[in-house]
Amino acid sequence: MKHIANLGRKHFLLDENINQFFNSIPIPSYVWQKTRNDFILIDYNNAALKVTNGKIKDLLHEKASVIHEDRPDIIEAINKCYREKKSISENFEYLMKTTGEKVFISLKIYHLPPDLIVVHIKDITQWKLAEEKLKNSEEKYKMLFEKSPIPIVITDFEGFIIEFNKACEQQFGYLKKDLYRKNYLDLGVYSPDLIPLLKKRISQLAQGEAIKPVELEISKKDGTKSMITNQMSLVNYGGENLIQSFLMNITERRNFEKKIQRKLENEKFISSISSSLIRTVDIDSAVSKSLLEMGVYIGAARAYILLFNEEESLEFYIQEWCVEGVDPQLINLTTISKNRFPWIFDIGSKNEMILIRNLSEIPKEAINTREELEKFNIKSLLAFPITINKESYGYIGFDNINNISEWEEVDFDIFKTTSEIIGNALERKWAEETLKGSHQLLAGVISSITEVIFLVDNNFNIVWANNVAKQMFGSRLTGQKCYGVFSHRGKPCKECLAVETFEDGKIHEKEKIFTNIDGKKKSYWSTSSVAGFNIEGERELAVLILRDITENKKMEESLNESEYNLRLLNKSLMEKVEGRSKELKISEEIYKKILNDLDVGFYKGEFKGKLLMHNSAFNTILGLDASLSLVGFQSSQFFNDLNVQERYFNELSENGHITNFKAQITNDDGEIITVYLNSHLIRDPEGNPKEVEGTMVKFKKEP
């Protein structure tokens, strides 16, 4: 304490260790020496030097009566400590002369014999402000409670309603006077099977257990249903522990999720139908199975395919029964003629979907059609056209015989798609049948094909080979064993495609490696199918087609290697992106901290629109809690005079920036205050005003 040392006094404070200790005290501290009728400031520590921004130096050796001339209460506290020789603790509101700042301080005054007084001054401004905020918290809670867009209910542990907000009235349709002090468990809002669950949650909460949100269905006053999320927590309301429940309406979200789920199911269903029809050889069985699955999926009693014949009448191609537990009642008709169902044929002539939800929907002029459908006990009917190359070939139909169907239009698209898939499958089936019946034409075509083609009998003898086969494996193939020519083996291959074809009559495919006449091994995609039968109807000949895929294999391996390299590159890029993302996140957090550390209000918002960002100082100017978000509020709410607001935006639009723009606003306490706005305009790529950002400073009156 160098200043005391300069007085030449021999005192224990002269000790260097004590001096270091005094300067290490984090609380601003001052040493006063008693004179004849006053006290003189003779020393201070580093904390005092810092809090006064160094201005305390100018007050050294000044009298207390001068420094605190406007605060006799502080002078009296110092005198009292010296007079009574005991410590004193006081709290004061104080205007610091060195900085001009109004603060709340806590004084700790100690007597240091024989004539020194040490004063520790602790700034308790934040504590006092926090105390005032705490006093106002209940009122603010009530305001937030009532204005919250989320329905909130306060109940006791028996379920009796103590309070609920306006949003709750809107959601349930009840008024406060209707429900005050009534038990919500007895109102019929929740179904009886949910009451035990609700009571259990109340019990768990009463025992201090944390409970998770739960989704429940409620009944409104008008009888309509809604889905909510129920989040319960303890709250002290009026000095009493009660239950606070947030009841957020999630009906739209649940409906959207159901639509998405239905869409996914539809896509999966289409994929399954398409896959089974594309892969199978037995198309009739696959179509029949797909038709049954479609009927079950849509909830029909019966599903069928009707195809046009040469007389332009519809014939039943397939009928499938869909309802479980009911004996099948197939329609016993050979054909459906236009004369018998003219109204349906008129719709079909336009290649449109036929939908009859209820026979009562059939117009009066089609009464004959309705009577015919009634004969078969059909209550509802739905049919989709089968179109091949833009030509109508028939219909896929569904009907119900016991009740009226509530078919949803959301399912219609999926069945239009599956109808197209089935139409393509039938087209493929008919094409295959046409090809099988054209043996001579097929032989000519086979001879001209560039793939290796040969016929083998059930003893593995090659009975015919095309020119390509002879060029690749030798000119004398006929009569030789296939396993000797192609695999250079002395016995049949273990996985012979011809054997599999002879066993089940199906088409088999597999990749095989064969050795050509020049000794080179090549990869072939091999296909085997039945080519002929003997007089007993047994499979006698198999045709095998070999397509050279050697170069394709090399290309595939090259592509796989490229794909692997791309994955490595992608992994490297992802790691770099993740690193950059972390850096950006850190930068964003630093930016937010800088904004909240500013002592002026910062804001950013849409031009003449909503507030997008602000710092805590902005809330302080408005007299609001620092944690309260104003994002989404309209900028017009912050101006008292709309003419001033219009002038502000006009000048900003014209100049691109505005400096020290004076405006008046009303803070949260209803007080009209004056602020200065410094803003600049952000324009979009077309040059139109887009956003505004800047600072707001509260106008301080001259003392």
# chains A, B, ... in the order shown; residues from 1 in each chain; ligands from 1
$ select_by_dssp --residues "region 170-362 of chain A" --states "strand (DSSP E or B)" --output "ChimeraX atom specification"
/A:183,214-219,225-237,240-249,302-308,314-321,335-336,354-356
$ write_last_selection --atoms "N, CA and C atoms" --output "short mmCIF file (atom, residue, chain, number, x, y, z; two decimals), in the first residue's frame"
data_model
loop_
_atom_site.label_atom_id
_atom_site.label_comp_id
_atom_site.auth_asym_id
_atom_site.auth_seq_id
_atom_site.Cartn_x
_atom_site.Cartn_y
_atom_site.Cartn_z
N ASN A 183 -63.52 -31.73 -12.01
CA ASN A 183 -62.50 -32.75 -12.22
C ASN A 183 -62.51 -33.16 -13.70
N VAL A 214 -47.06 -37.91 -23.68
CA VAL A 214 -47.82 -39.03 -24.23
C VAL A 214 -48.87 -38.47 -25.18
N GLU A 215 -49.15 -39.18 -26.26
CA GLU A 215 -50.15 -38.77 -27.24
C GLU A 215 -51.48 -39.42 -26.91
N LEU A 216 -52.54 -38.59 -26.85
CA LEU A 216 -53.86 -39.07 -26.45
C LEU A 216 -54.92 -38.49 -27.37
N GLU A 217 -56.06 -39.18 -27.45
CA GLU A 217 -57.21 -38.67 -28.20
C GLU A 217 -58.17 -38.01 -27.22
N ILE A 218 -58.70 -36.83 -27.59
CA ILE A 218 -59.65 -36.12 -26.74
C ILE A 218 -60.96 -35.90 -27.50
N SER A 219 -62.01 -35.64 -26.73
CA SER A 219 -63.31 -35.28 -27.30
C SER A 219 -63.61 -33.84 -26.92
N LYS A 225 -63.26 -35.15 -32.51
CA LYS A 225 -62.08 -35.76 -31.89
C LYS A 225 -60.82 -35.02 -32.34
N SER A 226 -59.82 -35.02 -31.48
CA SER A 226 -58.51 -34.44 -31.79
C SER A 226 -57.44 -35.27 -31.10
N MET A 227 -56.23 -35.20 -31.66
CA MET A 227 -55.07 -35.84 -31.02
C MET A 227 -54.21 -34.75 -30.39
N ILE A 228 -53.77 -35.01 -29.15
CA ILE A 228 -52.93 -34.05 -28.45
C ILE A 228 -51.70 -34.75 -27.89
N THR A 229 -50.68 -33.94 -27.56
CA THR A 229 -49.54 -34.41 -26.78
C THR A 229 -49.68 -33.84 -25.38
N ASN A 230 -49.70 -34.70 -24.38
CA ASN A 230 -49.87 -34.29 -22.99
C ASN A 230 -48.52 -34.31 -22.29
N GLN A 231 -48.06 -33.09 -21.88
CA GLN A 231 -46.80 -32.96 -21.14
C GLN A 231 -47.11 -32.38 -19.76
N MET A 232 -46.84 -33.14 -18.70
CA MET A 232 -47.18 -32.73 -17.33
C MET A 232 -45.91 -32.44 -16.54
N SER A 233 -45.99 -31.41 -15.67
CA SER A 233 -44.86 -31.08 -14.80
C SER A 233 -45.40 -30.39 -13.55
N LEU A 234 -44.59 -30.36 -12.50
CA LEU A 234 -44.97 -29.68 -11.26
C LEU A 234 -44.73 -28.19 -11.40
N VAL A 235 -45.60 -27.39 -10.76
CA VAL A 235 -45.46 -25.94 -10.75
C VAL A 235 -45.97 -25.41 -9.42
N ASN A 236 -45.27 -24.39 -8.91
CA ASN A 236 -45.71 -23.74 -7.67
C ASN A 236 -46.59 -22.57 -8.06
N TYR A 237 -47.86 -22.66 -7.72
CA TYR A 237 -48.83 -21.65 -8.12
C TYR A 237 -49.51 -21.14 -6.86
N GLU A 240 -48.61 -23.09 -3.70
CA GLU A 240 -49.08 -24.47 -3.62
C GLU A 240 -48.53 -25.27 -4.79
N ASN A 241 -48.07 -26.49 -4.54
CA ASN A 241 -47.59 -27.36 -5.60
C ASN A 241 -48.76 -27.95 -6.37
N LEU A 242 -48.79 -27.67 -7.68
CA LEU A 242 -49.88 -28.13 -8.54
C LEU A 242 -49.28 -28.78 -9.79
N ILE A 243 -50.16 -29.24 -10.67
CA ILE A 243 -49.73 -29.89 -11.92
C ILE A 243 -50.03 -28.96 -13.08
N GLN A 244 -49.04 -28.72 -13.88
CA GLN A 244 -49.19 -27.91 -15.09
C GLN A 244 -49.12 -28.84 -16.31
N SER A 245 -50.14 -28.80 -17.15
CA SER A 245 -50.22 -29.68 -18.31
C SER A 245 -50.25 -28.86 -19.60
N PHE A 246 -49.34 -29.16 -20.52
CA PHE A 246 -49.34 -28.58 -21.85
C PHE A 246 -50.04 -29.57 -22.78
N LEU A 247 -51.08 -29.08 -23.49
CA LEU A 247 -51.90 -29.97 -24.34
C LEU A 247 -51.82 -29.48 -25.78
N MET A 248 -50.77 -29.89 -26.49
CA MET A 248 -50.54 -29.41 -27.86
C MET A 248 -51.31 -30.26 -28.87
N ASN A 249 -52.03 -29.59 -29.76
CA ASN A 249 -52.83 -30.26 -30.77
C ASN A 249 -51.91 -30.80 -31.88
N ARG A 302 -64.80 -59.22 -53.63
CA ARG A 302 -64.49 -60.03 -54.80
C ARG A 302 -63.64 -59.20 -55.77
N ALA A 303 -62.69 -59.85 -56.43
CA ALA A 303 -61.85 -59.20 -57.43
C ALA A 303 -61.84 -60.05 -58.69
N TYR A 304 -61.79 -59.40 -59.86
CA TYR A 304 -61.85 -60.16 -61.11
C TYR A 304 -61.24 -59.35 -62.24
N ILE A 305 -60.91 -60.06 -63.32
CA ILE A 305 -60.43 -59.43 -64.55
C ILE A 305 -61.40 -59.78 -65.67
N LEU A 306 -61.89 -58.75 -66.36
CA LEU A 306 -62.79 -58.91 -67.50
C LEU A 306 -62.05 -58.47 -68.75
N LEU A 307 -62.06 -59.32 -69.79
CA LEU A 307 -61.39 -59.00 -71.05
C LEU A 307 -62.40 -58.98 -72.19
N PHE A 308 -62.19 -58.05 -73.14
CA PHE A 308 -63.08 -57.98 -74.30
C PHE A 308 -62.80 -59.16 -75.25
N LEU A 314 -67.58 -58.52 -72.59
CA LEU A 314 -66.56 -58.79 -71.57
C LEU A 314 -66.70 -60.22 -71.07
N GLU A 315 -65.56 -60.93 -71.02
CA GLU A 315 -65.55 -62.28 -70.49
C GLU A 315 -64.70 -62.33 -69.23
N PHE A 316 -65.11 -63.19 -68.28
CA PHE A 316 -64.34 -63.35 -67.05
C PHE A 316 -63.06 -64.12 -67.35
N TYR A 317 -61.93 -63.48 -67.07
CA TYR A 317 -60.64 -64.12 -67.26
C TYR A 317 -60.17 -64.76 -65.94
N ILE A 318 -60.35 -64.00 -64.83
CA ILE A 318 -59.99 -64.49 -63.50
C ILE A 318 -61.00 -63.93 -62.50
N GLN A 319 -61.41 -64.77 -61.53
CA GLN A 319 -62.21 -64.31 -60.39
C GLN A 319 -61.52 -64.77 -59.11
N GLU A 320 -61.33 -63.85 -58.16
CA GLU A 320 -60.72 -64.19 -56.87
C GLU A 320 -61.59 -63.70 -55.74
N TRP A 321 -61.78 -64.56 -54.72
CA TRP A 321 -62.56 -64.18 -53.53
C TRP A 321 -61.62 -63.58 -52.49
N THR A 335 -70.45 -64.24 -70.20
CA THR A 335 -70.07 -62.94 -70.78
C THR A 335 -70.95 -61.85 -70.18
N ILE A 336 -70.45 -60.63 -70.29
CA ILE A 336 -71.21 -59.44 -69.89
C ILE A 336 -71.36 -58.61 -71.16
N ILE A 354 -64.46 -46.86 -63.45
CA ILE A 354 -65.88 -47.00 -63.11
C ILE A 354 -65.99 -47.06 -61.59
N LEU A 355 -66.73 -46.15 -61.00
CA LEU A 355 -66.88 -46.09 -59.55
C LEU A 355 -68.35 -45.97 -59.19
N ILE A 356 -68.86 -46.97 -58.48
CA ILE A 356 -70.24 -46.93 -57.96
C ILE A 356 -70.14 -47.21 -56.46
#
$ residues_around --residues "Ile344 (chain A)" --least-positions-apart "3" --cutoff "10 Å" --atoms "only C-alpha atoms" --output "number ranges by chain"
A: 338, 340-341, 347-349, 354-355, 362, 366, 369
$ closest_residue --among "A:Gln261, A:Asn389, A:Asn17, A:Asn91" --to "Asp123 (chain A)" --atoms "only C-alpha atoms"
A:Asn91
$ atom_distance --atom1 "CA of Lys510 (chain A)" --atom2 "CA of Ser526 (chain A)"
5.4 Å
$ residues_around --residues "region 658-669 of chain A" --least-positions-apart "2" --cutoff "6 Å" --atoms "only C-alpha atoms" --output "PyMOL selection string"
chain A and resi 622-623+638-640+652+671-679
$ write_last_selection --atoms "N, CA and C atoms" --output "short mmCIF file (atom, residue, chain, number, x, y, z; two decimals), in the first residue's frame"
data_model
loop_
_atom_site.label_atom_id
_atom_site.label_comp_id
_atom_site.auth_asym_id
_atom_site.auth_seq_id
_atom_site.Cartn_x
_atom_site.Cartn_y
_atom_site.Cartn_z
N LEU A 622 -36.59 -2.48 -24.01
CA LEU A 622 -38.05 -2.59 -24.02
C LEU A 622 -38.60 -2.98 -22.65
N GLY A 623 -37.71 -3.20 -21.68
CA GLY A 623 -38.17 -3.55 -20.32
C GLY A 623 -38.64 -4.98 -20.23
N PHE A 638 -43.36 -1.82 -32.75
CA PHE A 638 -42.34 -1.11 -31.99
C PHE A 638 -42.36 0.41 -32.23
N PHE A 639 -43.26 0.90 -33.07
CA PHE A 639 -43.37 2.34 -33.32
C PHE A 639 -44.70 2.85 -32.75
N ASN A 640 -44.65 3.95 -32.01
CA ASN A 640 -45.89 4.56 -31.50
C ASN A 640 -46.60 5.33 -32.60
N LEU A 652 -34.80 4.91 -45.30
CA LEU A 652 -33.95 3.72 -45.39
C LEU A 652 -33.94 3.17 -46.81
N GLU A 671 -44.37 2.64 -20.36
CA GLU A 671 -43.69 3.92 -20.39
C GLU A 671 -43.24 4.23 -21.82
N ILE A 672 -43.48 5.47 -22.27
CA ILE A 672 -43.03 5.90 -23.59
C ILE A 672 -41.59 6.38 -23.48
N ILE A 673 -40.72 5.73 -24.26
CA ILE A 673 -39.30 6.09 -24.22
C ILE A 673 -38.85 6.49 -25.62
N THR A 674 -37.78 7.25 -25.66
CA THR A 674 -37.21 7.71 -26.92
C THR A 674 -35.95 6.90 -27.23
N VAL A 675 -35.83 6.46 -28.47
CA VAL A 675 -34.66 5.68 -28.87
C VAL A 675 -34.09 6.25 -30.16
N TYR A 676 -32.81 5.94 -30.38
CA TYR A 676 -32.14 6.28 -31.64
C TYR A 676 -31.87 4.99 -32.40
N LEU A 677 -32.21 5.01 -33.70
CA LEU A 677 -32.03 3.84 -34.56
C LEU A 677 -30.94 4.12 -35.58
N ASN A 678 -30.00 3.19 -35.68
CA ASN A 678 -28.96 3.24 -36.71
C ASN A 678 -29.08 1.95 -37.52
N SER A 679 -29.48 2.07 -38.79
CA SER A 679 -29.83 0.88 -39.57
C SER A 679 -29.22 0.95 -40.96
#
